[in-house]
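Colleague: Before anything else, here's the structure in question.
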Amino acid sequence: MSELLEPLALAHAPWIVEGTTPSETRLLTIADLDTLERVHRDIVADAPLGTVALETTEFLASHLGAEGQTVGLFSEGQLVAYGILGLSGAAHRRLGDLLGLSAQRCERLAILDGIGVVPAFRGRGAHGYLNRVRDAIADRHGRQLIAASAAPANPVSWRNLMRLGLEIRGLARMFGGHWRYLMLRDESSIPAGAAAELVDALDIAPQQRLLDLGCRGVRPGHHRGRAAVGYVAGAFAQPRDPSSR
């Protein structure tokens, strides 16, 4: 499986500790399951309630080859961050359904599933780095559509996804009834200069109304000192430049 990473020139991330400590990026295998589950559960326990989904052992195991892949970032031999890429399975179908994608389009879909960074390594770009690695792997699998879900209360997550070109296309209750943005990058995108209406990320009702009108959440911002999303009418969407992946 490592051959998927080697041609991408992404297999090393020396910046993880400002170039002072060796780091390694590799695809995890079933032999890494216990470590992955331990790190995942510690991250969930440390996160605010409802912002990070607690995955089952079965889900984590299935994304070590059968239904997807998981990228691990190691520092001094210790797993310090991971990113899950979904390519098939129940979770893949569910998000595709929530986004209204046809079965044919779901065959071209990859999902940026769970991601986690241990507290000591946050703020160093690991989250965005693993998004880019997973995006590149999805491309190797021929998946042109990229989707994800993110908690409105987790701006680090949805801001990083927006930087990768994903847009908020919907809202749904998931993972025990907690709100999630439904995010997608497809063949169209909103021009960067389009005027946006900023809405507090935690104010669900006005966001739902805008989404029902066909608007898309396309850029992060602040409203009255709180994290906010800029919404633009979907009518402004234009064909995406394939080189902007």
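Ordering of the structure tokens sets the chain letters (A, B, ...); residue numbers start at 1 within each chain; ligands are numbered from 1 in the order shown.
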Please provide the set of residues having any atom within 9 Å of Pro155 in chain A, restricted to only C-alpha atoms, with same-chain residues fewer than 3 positions apart removed, written as JSON, numbers by chain.

Modeller: {"A": [150, 151, 152, 158, 159, 160, 201, 220, 227, 228]}

Colleague: Store the residues of this selection in a file with C-alpha atoms, as a compact mmCIF listing (two decimals), in the first residue's frame.

Modeller:
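Generated output (out04.txt):
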```txt
# COMPACT_ATOMS: atom_id res chain seq x y z
CA ALA A 150 -17.98 18.51 9.98
CA ALA A 151 -19.49 19.81 13.20
CA PRO A 152 -20.45 23.51 13.05
CA TRP A 158 -14.63 22.91 8.32
CA ARG A 159 -12.15 25.73 7.69
CA ASN A 160 -9.51 23.23 6.61
CA ALA A 201 -21.76 28.82 12.52
CA PRO A 220 -14.93 31.12 6.79
CA ALA A 227 -16.81 31.68 13.92
CA ALA A 228 -19.07 32.26 10.92
```

Colleague: Name all residues at most 9 Å from Arg169 in chain A (count only C-alpha atoms; drop same-chain ones fewer than 5 positions away) and give them as a VMD selection string.

Modeller: chain A and resid 99 181 to 184 211 214 to 217

Colleague: Can you write just those residues out, C-alpha atoms, as a PDB file, in the first residue's frame?

Modeller:
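Output (part-v3.pdb):
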```pdb
ATOM      1  CA  LEU A  99     -25.843  14.910  -0.330  1.00  0.00           C
ATOM      2  CA  TYR A 181     -22.275  20.262   7.805  1.00  0.00           C
ATOM      3  CA  LEU A 182     -22.525  18.165   4.647  1.00  0.00           C
ATOM      4  CA  MET A 183     -19.619  19.281   2.509  1.00  0.00           C
ATOM      5  CA  LEU A 184     -18.784  18.533  -1.101  1.00  0.00           C
ATOM      6  CA  LEU A 211     -29.228  26.075   2.097  1.00  0.00           C
ATOM      7  CA  GLY A 214     -29.756  26.762  -2.908  1.00  0.00           C
ATOM      8  CA  CYS A 215     -26.980  28.747  -1.246  1.00  0.00           C
ATOM      9  CA  ARG A 216     -23.610  27.246  -0.455  1.00  0.00           C
ATOM     10  CA  GLY A 217     -21.315  27.872   2.500  1.00  0.00           C
TER      11      GLY A 217
END
```

Colleague: I'd like to know which residues of range 56-211 of chain A are strand (DSSP E or B) (by DSSP, run on the backbone); could you write them as an MDAnalysis selection string?

Modeller: chainID A and resid 68:75 78:86 109:117 145:150 167:174 178:185 188:189 197:200

Colleague: Restricting the output to C-alpha atoms, write the selected residues as a tab-separated table (two decimals), in the first residue's frame.

Modeller:
```tsv
chain	number	residue	atom	x	y	z
A	68	GLY	CA	-10.97	2.74	2.61
A	69	GLN	CA	-7.55	3.68	3.85
A	70	THR	CA	-6.12	5.50	6.84
A	71	VAL	CA	-3.05	7.69	6.72
A	72	GLY	CA	-0.93	7.86	9.85
A	73	LEU	CA	1.50	10.61	10.78
A	74	PHE	CA	4.27	9.48	13.12
A	75	SER	CA	6.81	11.43	15.14
A	78	GLN	CA	4.58	7.43	17.77
A	79	LEU	CA	1.26	7.94	15.99
A	80	VAL	CA	0.44	11.63	16.46
A	81	ALA	CA	-2.27	12.11	13.82
A	82	TYR	CA	-4.43	10.10	11.46
A	83	GLY	CA	-6.83	10.74	8.59
A	84	ILE	CA	-9.41	8.26	7.30
A	85	LEU	CA	-10.38	8.07	3.61
A	86	GLY	CA	-13.67	6.34	2.83
A	109	LEU	CA	-16.83	9.77	-4.52
A	110	ALA	CA	-14.22	9.68	-1.78
A	111	ILE	CA	-14.99	10.78	1.77
A	112	LEU	CA	-12.60	12.57	4.07
A	113	ASP	CA	-13.80	10.70	7.13
A	114	GLY	CA	-12.50	11.00	10.67
A	115	ILE	CA	-9.30	12.87	11.36
A	116	GLY	CA	-7.49	13.45	14.62
A	117	VAL	CA	-4.35	15.11	15.94
A	145	LEU	CA	-15.78	14.02	-5.97
A	146	ILE	CA	-14.70	14.71	-2.39
A	147	ALA	CA	-17.15	14.87	0.52
A	148	ALA	CA	-16.96	15.24	4.27
A	149	SER	CA	-19.06	16.06	7.30
A	150	ALA	CA	-17.98	18.51	9.98
A	167	GLU	CA	-18.41	23.73	0.19
A	168	ILE	CA	-21.24	23.34	2.67
A	169	ARG	CA	-24.19	21.94	0.73
A	170	GLY	CA	-26.45	20.81	3.56
A	171	LEU	CA	-27.02	20.21	7.28
A	172	ALA	CA	-28.06	17.00	8.98
A	173	ARG	CA	-28.15	15.45	12.42
A	174	MET	CA	-25.62	12.62	12.60
A	178	HIS	CA	-25.41	16.22	16.58
A	179	TRP	CA	-25.49	18.73	13.72
A	180	ARG	CA	-23.06	18.23	10.87
A	181	TYR	CA	-22.28	20.26	7.80
A	182	LEU	CA	-22.53	18.16	4.65
A	183	MET	CA	-19.62	19.28	2.51
A	184	LEU	CA	-18.78	18.53	-1.10
A	185	ARG	CA	-16.30	19.42	-3.79
A	188	SER	CA	-18.64	23.42	-9.83
A	189	SER	CA	-17.51	26.09	-7.39
A	197	GLU	CA	-23.69	36.60	3.74
A	198	LEU	CA	-21.97	35.79	7.02
A	199	VAL	CA	-23.89	33.63	9.48
A	200	ASP	CA	-22.82	32.45	12.93
```

Colleague: Could you go through range 5-142 of chain A and tell me which residues DSSP, when run on the backbone, assigns to helix (DSSP H, G or I), listing them as a PyMOL selection string?

Modeller: chain A and resi 6-8+14-17+30-46+57-62+90-98+103-106+119-121+126-140

Colleague: Please report the interatomic distance between CA of Asp42 in chain A and CA of Leu98 in chain A in Å with one decimal.

Modeller: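 Straight-line distance from CA of Asp42 in chain A to CA of Leu98 in chain A works out to 28.9 Å.
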
Colleague: Looking at only C-alpha atoms, which of A:Leu210, A:Ala153, A:Leu166, A:Ile190 is the one that sits closest to Ala237 in chain A?

Modeller: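 For Ala237 in chain A, the nearest of the candidates is A:Ile190.
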
Colleague: Any idea what's packed within 9 Å of Ala196 in chain A, counting only C-alpha atoms, ignoring anything in its chain fewer than 2 positions away? Could you give it as a list in words?

Modeller: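 Contacts, in chain order: Gly193, Ala194, Leu198, Gly217, Val218, Arg219, Val229, Gly230, Tyr231, Val232 and Ala233 of chain A.
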
Colleague: Could you tell me how far CA of Leu33 in chain A lies from CA of Gly77 in chain A, in Å and to one decimal?

Modeller: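 CA of Gly77 in chain A lies 15.3 Å from CA of Leu33 in chain A.
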